[in-house]
$ cat structure.cif   # mmCIF, C-alpha atoms
data_structure
loop_
_atom_site.label_atom_id
_atom_site.label_comp_id
_atom_site.auth_asym_id
_atom_site.auth_seq_id
_atom_site.Cartn_x
_atom_site.Cartn_y
_atom_site.Cartn_z
CA MET O 3 -17.10 -17.10 -18.83
CA VAL O 4 -15.21 -14.59 -16.68
CA ASN O 5 -13.23 -16.14 -13.83
CA LYS O 6 -14.24 -14.91 -10.40
CA GLN O 7 -11.66 -13.12 -8.30
CA LYS O 8 -10.65 -15.16 -5.30
CA ILE O 9 -10.59 -13.85 -1.72
CA LEU O 10 -8.84 -15.74 1.08
CA ILE O 11 -10.50 -14.98 4.44
CA VAL O 12 -8.26 -15.65 7.44
CA ASP O 13 -10.13 -15.38 10.75
CA ASP O 14 -10.47 -17.76 13.70
CA ASP O 15 -13.98 -16.44 14.44
CA SER O 16 -16.08 -18.66 12.17
CA ASN O 17 -19.17 -16.47 12.53
CA ILE O 18 -17.36 -13.37 11.30
CA ALA O 19 -15.60 -15.31 8.55
CA GLU O 20 -18.85 -16.80 7.27
CA LEU O 21 -20.51 -13.39 7.32
CA ILE O 22 -17.66 -11.84 5.33
CA SER O 23 -17.84 -14.74 2.88
CA LEU O 24 -21.56 -14.14 2.43
CA TYR O 25 -21.04 -10.44 1.67
CA LEU O 26 -18.34 -11.18 -0.89
CA THR O 27 -20.12 -14.11 -2.50
CA LYS O 28 -23.09 -11.82 -3.19
CA GLU O 29 -20.65 -9.56 -5.05
CA CYS O 30 -19.56 -12.53 -7.21
CA PHE O 31 -16.25 -13.22 -5.47
CA ASP O 32 -14.99 -16.76 -4.87
CA THR O 33 -14.04 -17.14 -1.19
CA MET O 34 -12.02 -19.55 0.92
CA ILE O 35 -12.00 -19.51 4.75
CA VAL O 36 -9.17 -20.64 7.03
CA GLY O 37 -8.92 -20.15 10.78
CA ASP O 38 -5.21 -20.04 11.55
CA GLY O 39 -1.97 -18.59 10.22
CA GLU O 40 -0.33 -21.83 9.17
CA SER O 41 -3.33 -22.81 7.03
CA ALA O 42 -3.34 -19.31 5.54
CA LEU O 43 0.25 -19.65 4.35
CA GLN O 44 -0.55 -23.01 2.75
CA MET O 45 -3.63 -21.64 0.99
CA VAL O 46 -1.74 -18.67 -0.47
CA ASP O 47 0.08 -21.18 -2.69
CA SER O 48 -2.73 -23.66 -3.37
CA PHE O 49 -5.73 -21.27 -3.63
CA SER O 50 -3.76 -18.43 -5.29
CA PRO O 51 -6.06 -15.64 -4.01
CA ASN O 52 -6.37 -12.25 -5.67
CA LEU O 53 -6.67 -10.67 -2.20
CA ILE O 54 -6.29 -11.73 1.44
CA LEU O 55 -8.49 -10.52 4.32
CA LEU O 56 -6.23 -11.16 7.29
CA ASP O 57 -7.22 -11.04 10.96
CA LEU O 58 -4.35 -10.13 13.29
CA MET O 59 -5.27 -12.21 16.33
CA LEU O 60 -4.85 -15.79 15.11
CA PRO O 61 -3.91 -18.98 16.95
CA GLY O 62 -0.31 -20.05 16.42
CA ILE O 63 1.16 -17.76 13.77
CA ASP O 64 -0.40 -14.31 14.17
CA GLY O 65 -1.50 -12.04 11.33
CA TYR O 66 1.63 -9.90 11.47
CA GLN O 67 3.86 -12.92 10.86
CA VAL O 68 1.56 -14.22 8.12
CA CYS O 69 1.79 -10.85 6.37
CA ARG O 70 5.57 -10.81 6.72
CA GLU O 71 5.95 -14.30 5.24
CA VAL O 72 3.50 -13.67 2.40
CA ARG O 73 5.33 -10.47 1.48
CA SER O 74 8.64 -12.35 1.30
CA HIS O 75 7.49 -14.02 -1.92
CA SER O 76 4.19 -12.50 -3.08
CA ASN O 77 2.64 -9.10 -3.83
CA VAL O 78 -0.95 -10.30 -3.38
CA PRO O 79 -3.01 -7.45 -1.83
CA ILE O 80 -3.66 -7.78 1.91
CA ILE O 81 -6.31 -6.03 4.01
CA MET O 82 -5.74 -6.47 7.75
CA LEU O 83 -8.72 -6.85 10.08
CA SER O 84 -8.43 -6.18 13.79
CA ALA O 85 -10.31 -5.06 16.88
CA LYS O 86 -7.17 -3.09 17.73
CA GLY O 87 -7.52 0.53 16.75
CA GLU O 88 -4.22 1.92 18.01
CA ILE O 89 -2.06 3.91 15.59
CA PHE O 90 0.89 1.64 16.43
CA ASP O 91 -0.99 -1.45 15.22
CA LYS O 92 -2.00 0.25 12.00
CA VAL O 93 1.51 1.51 11.32
CA LEU O 94 3.04 -1.89 12.03
CA GLY O 95 0.58 -3.60 9.70
CA LEU O 96 1.26 -1.12 6.91
CA GLU O 97 5.01 -1.33 7.45
CA LEU O 98 4.86 -5.10 7.02
CA GLY O 99 3.22 -4.63 3.63
CA ALA O 100 -0.54 -4.56 4.19
CA ASP O 101 -2.46 -2.53 1.60
CA ASP O 102 -5.26 -1.46 3.95
CA TYR O 103 -6.40 -1.83 7.57
CA MET O 104 -9.95 -2.11 8.91
CA GLU O 105 -11.10 -2.04 12.52
CA LYS O 106 -13.72 -4.45 13.82
CA PRO O 107 -16.65 -4.15 13.91
CA PHE O 108 -16.94 -2.88 10.35
CA ASP O 109 -19.78 -2.13 7.99
CA SER O 110 -20.34 -4.80 5.33
CA LYS O 111 -20.71 -2.26 2.52
CA GLU O 112 -17.47 -0.54 3.51
CA LEU O 113 -15.63 -3.86 3.58
CA VAL O 114 -16.81 -4.76 0.08
CA ALA O 115 -15.96 -1.25 -1.17
CA ARG O 116 -12.44 -1.45 0.24
CA VAL O 117 -11.87 -4.90 -1.26
CA LYS O 118 -12.90 -3.59 -4.68
CA ALA O 119 -10.79 -0.44 -4.28
CA VAL O 120 -7.64 -2.38 -3.34
CA LEU O 121 -8.16 -4.78 -6.25
CA ARG O 122 -8.56 -1.81 -8.63
CA ARG O 123 -5.34 -0.24 -7.36
CA TYR O 124 -3.52 -3.52 -7.73
CA LYS O 125 -4.59 -3.75 -11.38
CA THR O 126 -3.48 -0.16 -12.11
CA ALA O 127 0.04 -0.31 -10.70
CA PRO O 128 2.40 2.02 -12.56
CA ALA O 129 4.33 0.92 -15.58
CA VAL O 130 7.88 0.21 -14.44
CA LYS O 131 10.43 -0.01 -17.18
CA GLU O 132 12.19 -3.35 -16.96
CA GLN O 133 15.42 -2.56 -18.78
CA PRO O 134 18.47 -3.43 -16.65
CA ASP O 135 19.57 -0.68 -14.28
CA ILE O 136 16.72 1.63 -15.33
CA LYS O 137 14.80 3.12 -12.41
CA CYS O 138 11.79 4.85 -13.89
CA VAL O 139 8.08 5.07 -13.09
CA GLU O 140 5.39 6.53 -15.30
CA TYR O 141 1.93 7.87 -14.53
CA PRO O 142 -0.39 10.07 -16.57
CA ASP O 143 1.47 13.41 -17.09
CA LEU O 144 4.37 12.33 -14.86
CA ILE O 145 7.64 10.47 -15.51
CA VAL O 146 10.19 10.12 -12.70
CA ASN O 147 13.54 8.71 -13.81
CA GLN O 148 16.05 8.15 -11.04
CA THR O 149 18.62 6.72 -13.46
CA ASN O 150 19.23 10.04 -15.20
CA TYR O 151 17.67 12.15 -12.39
CA SER O 152 14.94 13.73 -14.47
CA VAL O 153 11.30 14.53 -13.83
CA ILE O 154 8.87 15.31 -16.66
CA TYR O 155 5.57 16.79 -15.50
CA ASN O 156 2.86 17.83 -17.96
CA GLY O 157 5.36 17.41 -20.78
CA LYS O 158 7.96 19.73 -19.24
CA THR O 159 11.16 18.99 -17.39
CA VAL O 160 11.05 19.99 -13.73
CA ASP O 161 14.26 21.05 -12.01
CA MET O 162 14.54 19.11 -8.77
CA PRO O 163 17.35 18.59 -6.24
CA PRO O 164 18.51 14.96 -5.87
CA LYS O 165 16.83 14.30 -2.52
CA GLU O 166 13.48 15.65 -3.70
CA LEU O 167 13.64 13.46 -6.80
CA GLU O 168 14.68 10.40 -4.79
CA LEU O 169 11.81 10.96 -2.36
CA LEU O 170 9.29 11.32 -5.20
CA TYR O 171 10.63 8.23 -6.96
CA PHE O 172 10.55 6.16 -3.76
CA LEU O 173 6.92 7.08 -3.06
CA ALA O 174 5.78 6.67 -6.67
CA SER O 175 7.46 3.27 -6.92
CA SER O 176 5.10 1.93 -4.25
CA PRO O 177 1.66 3.37 -5.06
CA ASN O 178 -0.82 3.54 -2.17
CA HIS O 179 1.77 2.24 0.28
CA VAL O 180 1.94 4.35 3.43
CA PHE O 181 5.42 5.22 4.71
CA THR O 182 6.16 6.79 8.07
CA ARG O 183 8.41 9.84 8.21
CA GLU O 184 11.06 7.72 9.93
CA GLN O 185 10.99 5.18 7.11
CA LEU O 186 11.37 7.90 4.49
CA LEU O 187 14.19 9.51 6.44
CA ASP O 188 16.03 6.18 6.62
CA GLN O 189 15.42 5.29 2.96
CA ILE O 190 16.34 8.63 1.41
CA TRP O 191 18.83 10.16 3.83
CA GLY O 192 20.21 6.99 5.42
CA TYR O 193 20.29 5.57 8.94
CA GLU O 194 23.32 7.69 9.89
CA TYR O 195 21.67 10.98 8.94
CA ILE O 196 21.62 13.43 11.84
CA GLY O 197 18.30 15.21 11.55
CA ASP O 198 14.63 14.91 12.37
CA THR O 199 11.42 14.06 10.55
CA ARG O 200 10.72 17.71 9.74
CA THR O 201 13.24 17.25 6.92
CA VAL O 202 10.73 14.94 5.23
CA ASP O 203 7.88 17.42 5.71
CA VAL O 204 9.90 20.22 4.13
CA HIS O 205 10.77 18.12 1.08
CA ILE O 206 7.15 16.99 0.67
CA LYS O 207 6.07 20.65 0.78
CA ARG O 208 8.57 21.52 -1.96
CA LEU O 209 7.45 18.57 -4.09
CA ARG O 210 3.82 19.69 -3.82
CA GLU O 211 4.78 23.17 -4.97
CA LYS O 212 6.28 21.68 -8.14
CA ILE O 213 4.03 18.64 -8.70
CA LYS O 214 0.35 19.49 -8.25
CA ASP O 215 -2.37 16.91 -7.53
CA HIS O 216 -3.48 15.03 -10.65
CA GLU O 217 -6.96 13.63 -11.19
CA THR O 218 -5.55 10.09 -11.00
CA TRP O 219 -2.72 10.51 -8.47
CA ARG O 220 -1.37 12.73 -5.74
CA ILE O 221 1.06 12.87 -2.82
CA ALA O 222 -1.25 12.25 0.14
CA THR O 223 -0.74 12.94 3.84
CA ILE O 224 -1.84 10.17 6.19
CA TRP O 225 -2.37 12.09 9.41
CA GLY O 226 -0.53 10.65 12.39
CA ILE O 227 1.45 8.25 10.19
CA GLY O 228 3.22 9.71 7.15
CA TYR O 229 2.79 9.93 3.38
CA LYS O 230 1.87 7.90 0.34
CA PHE O 231 1.66 8.29 -3.42
CA GLU O 232 -2.07 7.79 -3.91
CA VAL O 233 -3.36 6.38 -7.18
CA ARG O 234 -7.06 7.01 -7.73
CA GLN O 235 -9.67 5.80 -10.20
#
$ encode --input "structure.cif" --output "structure tokens"
Amino acid sequence: MVNKQKILIVDDDSNIAELISLYLTKECFDTMIVGDGESALQMVDSFSPNLILLDLMLPGIDGYQVCREVRSHSNVPIIMLSAKGEIFDKVLGLELGADDYMEKPFDSKELVARVKAVLRRYKTAPAVKEQPDIKCVEYPDLIVNQTNYSVIYNGKTVDMPPKELELLYFLASSPNHVFTREQLLDQIWGYEYIGDTRTVDVHIKRLREKIKDHETWRIATIWGIGYKFEVRQ
């Protein structure tokens, strides 16, 4: 018998939580409902969910703090749910480590589809070589090695300046994670770099000229936010 995947639903609105549980149960998921942040943190350890649906507006510990604490020790996928639709709220949620963000009210079919999509992405994370001091990620037709600063694309070595390679490696190391231009600037060029976010745009443009979209992955623009290395099925 195949074990059902477990979804932890964190929402203080019992009606919404029960409705979400109904949708997911029909799709053969095992669900658990909690109504506050403290209970959510406890259930992450005891229930061991495969994915968390996390409302932002919770009594006591809010959803942002729950996400932050979960990410300090677990990579379990998180989809944030909120009535807030501002770009700032979405960016903050993604920066804290959420895998997706849905605005309320949402369509039940879309919710189920996003849950399945995030779970698929989580299963198909890139192979990361675990040898000590080796920084290398591999995808179909692409190998990015930051240890020896080499990129192999479609079986051929691609000449790439250090910052372009570091940017590609950073994005590819966190598939489907959205990074703002400011985050990328800080990570690749450093906090003391005197420049603006257009530097990131220029390097992304150059990467796209050398590394074309693949049927299973691509460098995607998230309008109004930044970029991500998108892994597709």
$ resolve_selection --input "structure.cif" --expression "the PyMOL selection byres ((chain O and resi 173) around 12)" --output "ChimeraX atom specification"
/O:128,139,146,166-172,174-183,185-186,189-190,206,209,219-223,228-233
$ closest_residue --input "structure.cif" --among "O:Tyr124, O:Tyr155, O:Phe108, O:Tyr66" --to "Lys92 in chain O" --atoms "all atoms listed in the file"
O:Tyr66
$ closest_residue --input "structure.cif" --among "O:Ile136, O:Val204, O:Glu105, O:Leu26" --to "Tyr151 in chain O" --atoms "only C-alpha atoms"
O:Ile136
$ residues_around --input "structure.cif" --residues "Leu43 in chain O" --least-positions-apart "4" --cutoff "8 Å" --atoms "all atoms listed in the file" --output "MDAnalysis selection string"
chainID O and resid 39 47 68 71:72
$ atom_distance --input "structure.cif" --atom1 "CA of Arg70 in chain O" --atom2 "CA of Thr33 in chain O"
22.1 Å
$ resolve_selection --input "structure.cif" --expression "the PyMOL selection byres ((chain O and resi 85) around 6)" --output "VMD selection string"
chain O and resid 84 86 105 to 106
$ atom_distance --input "structure.cif" --atom1 "CA of Ala100 in chain O" --atom2 "CA of Leu60 in chain O"
16.2 Å
$ closest_residue --input "structure.cif" --among "O:Pro163, O:Gly95, O:Pro51, O:Pro79" --to "Met34 in chain O" --atoms "all atoms listed in the file"
O:Pro51
$ atom_distance --input "structure.cif" --atom1 "CA of Gly226 in chain O" --atom2 "CA of Arg122 in chain O"
25.7 Å
$ closest_residue --input "structure.cif" --among "O:Leu96, O:Phe49, O:Pro61, O:Val114" --to "Thr27 in chain O" --atoms "all atoms listed in the file"
O:Val114
$ closest_residue --input "structure.cif" --among "O:Ser74, O:Ser110, O:Thr149, O:Gln67" --to "Leu94 in chain O" --atoms "only C-alpha atoms"
O:Gln67
$ build_atoms --input "structure.cif" --residues "range 107-118 of chain O" --atoms "all heavy atoms" --output "short mmCIF file (atom, residue, chain, number, x, y, z; two decimals), keeping the file's coordinate frame"
data_model
loop_
_atom_site.label_atom_id
_atom_site.label_comp_id
_atom_site.auth_asym_id
_atom_site.auth_seq_id
_atom_site.Cartn_x
_atom_site.Cartn_y
_atom_site.Cartn_z
N PRO O 107 -15.74 -3.64 14.96
CA PRO O 107 -16.65 -4.15 13.91
C PRO O 107 -16.67 -3.20 12.72
O PRO O 107 -16.46 -2.00 12.87
CB PRO O 107 -18.00 -4.19 14.62
CG PRO O 107 -17.93 -3.09 15.62
CD PRO O 107 -16.49 -3.07 16.10
N PHE O 108 -16.92 -3.72 11.54
CA PHE O 108 -16.94 -2.88 10.35
C PHE O 108 -18.26 -3.06 9.60
O PHE O 108 -18.97 -4.05 9.77
CB PHE O 108 -15.78 -3.22 9.42
CG PHE O 108 -15.55 -4.71 9.25
CD1 PHE O 108 -16.38 -5.47 8.47
CD2 PHE O 108 -14.49 -5.32 9.89
CE1 PHE O 108 -16.18 -6.83 8.32
CE2 PHE O 108 -14.28 -6.68 9.76
CZ PHE O 108 -15.13 -7.45 8.97
N ASP O 109 -18.56 -2.08 8.79
CA ASP O 109 -19.78 -2.13 7.99
C ASP O 109 -19.55 -3.00 6.76
O ASP O 109 -18.51 -2.90 6.11
CB ASP O 109 -20.16 -0.71 7.56
CG ASP O 109 -21.42 -0.69 6.71
OD1 ASP O 109 -22.51 -0.79 7.28
OD2 ASP O 109 -21.29 -0.59 5.47
N SER O 110 -20.51 -3.86 6.44
CA SER O 110 -20.34 -4.80 5.33
C SER O 110 -20.12 -4.08 4.00
O SER O 110 -19.29 -4.50 3.18
CB SER O 110 -21.56 -5.72 5.22
OG SER O 110 -22.74 -4.97 4.99
N LYS O 111 -20.85 -2.99 3.78
CA LYS O 111 -20.71 -2.26 2.52
C LYS O 111 -19.32 -1.63 2.40
O LYS O 111 -18.73 -1.59 1.32
CB LYS O 111 -21.79 -1.18 2.41
CG LYS O 111 -23.20 -1.74 2.24
CD LYS O 111 -24.21 -0.64 2.07
CE LYS O 111 -25.63 -1.21 1.89
NZ LYS O 111 -26.64 -0.13 1.76
N GLU O 112 -18.80 -1.13 3.53
CA GLU O 112 -17.47 -0.54 3.51
C GLU O 112 -16.41 -1.60 3.22
O GLU O 112 -15.46 -1.37 2.47
CB GLU O 112 -17.15 0.15 4.84
CG GLU O 112 -15.77 0.81 4.83
CD GLU O 112 -15.40 1.46 6.15
OE1 GLU O 112 -16.20 1.37 7.10
OE2 GLU O 112 -14.29 2.02 6.24
N LEU O 113 -16.58 -2.77 3.82
CA LEU O 113 -15.63 -3.86 3.58
C LEU O 113 -15.59 -4.22 2.10
O LEU O 113 -14.51 -4.31 1.50
CB LEU O 113 -16.02 -5.09 4.40
CG LEU O 113 -15.18 -6.35 4.13
CD1 LEU O 113 -13.75 -6.13 4.56
CD2 LEU O 113 -15.78 -7.56 4.84
N VAL O 114 -16.75 -4.41 1.51
CA VAL O 114 -16.81 -4.76 0.08
C VAL O 114 -16.21 -3.65 -0.76
O VAL O 114 -15.46 -3.90 -1.72
CB VAL O 114 -18.27 -5.03 -0.35
CG1 VAL O 114 -18.37 -5.17 -1.86
CG2 VAL O 114 -18.81 -6.28 0.34
N ALA O 115 -16.49 -2.39 -0.41
CA ALA O 115 -15.96 -1.25 -1.17
C ALA O 115 -14.44 -1.21 -1.09
O ALA O 115 -13.76 -0.94 -2.09
CB ALA O 115 -16.55 0.05 -0.63
N ARG O 116 -13.91 -1.49 0.09
CA ARG O 116 -12.44 -1.45 0.24
C ARG O 116 -11.78 -2.59 -0.52
O ARG O 116 -10.70 -2.43 -1.09
CB ARG O 116 -12.06 -1.50 1.72
CG ARG O 116 -12.42 -0.25 2.48
CD ARG O 116 -11.49 -0.05 3.64
NE ARG O 116 -11.93 0.99 4.54
CZ ARG O 116 -11.20 1.45 5.54
NH1 ARG O 116 -10.00 0.96 5.77
NH2 ARG O 116 -11.67 2.40 6.33
N VAL O 117 -12.40 -3.76 -0.50
CA VAL O 117 -11.87 -4.90 -1.26
C VAL O 117 -11.80 -4.53 -2.74
O VAL O 117 -10.77 -4.74 -3.40
CB VAL O 117 -12.76 -6.15 -1.06
CG1 VAL O 117 -12.42 -7.22 -2.11
CG2 VAL O 117 -12.57 -6.72 0.33
N LYS O 118 -12.87 -3.96 -3.26
CA LYS O 118 -12.90 -3.59 -4.68
C LYS O 118 -11.87 -2.50 -4.98
O LYS O 118 -11.22 -2.53 -6.04
CB LYS O 118 -14.30 -3.12 -5.06
CG LYS O 118 -15.34 -4.24 -5.08
CD LYS O 118 -16.71 -3.70 -5.48
CE LYS O 118 -17.74 -4.82 -5.58
NZ LYS O 118 -19.09 -4.30 -5.96
#
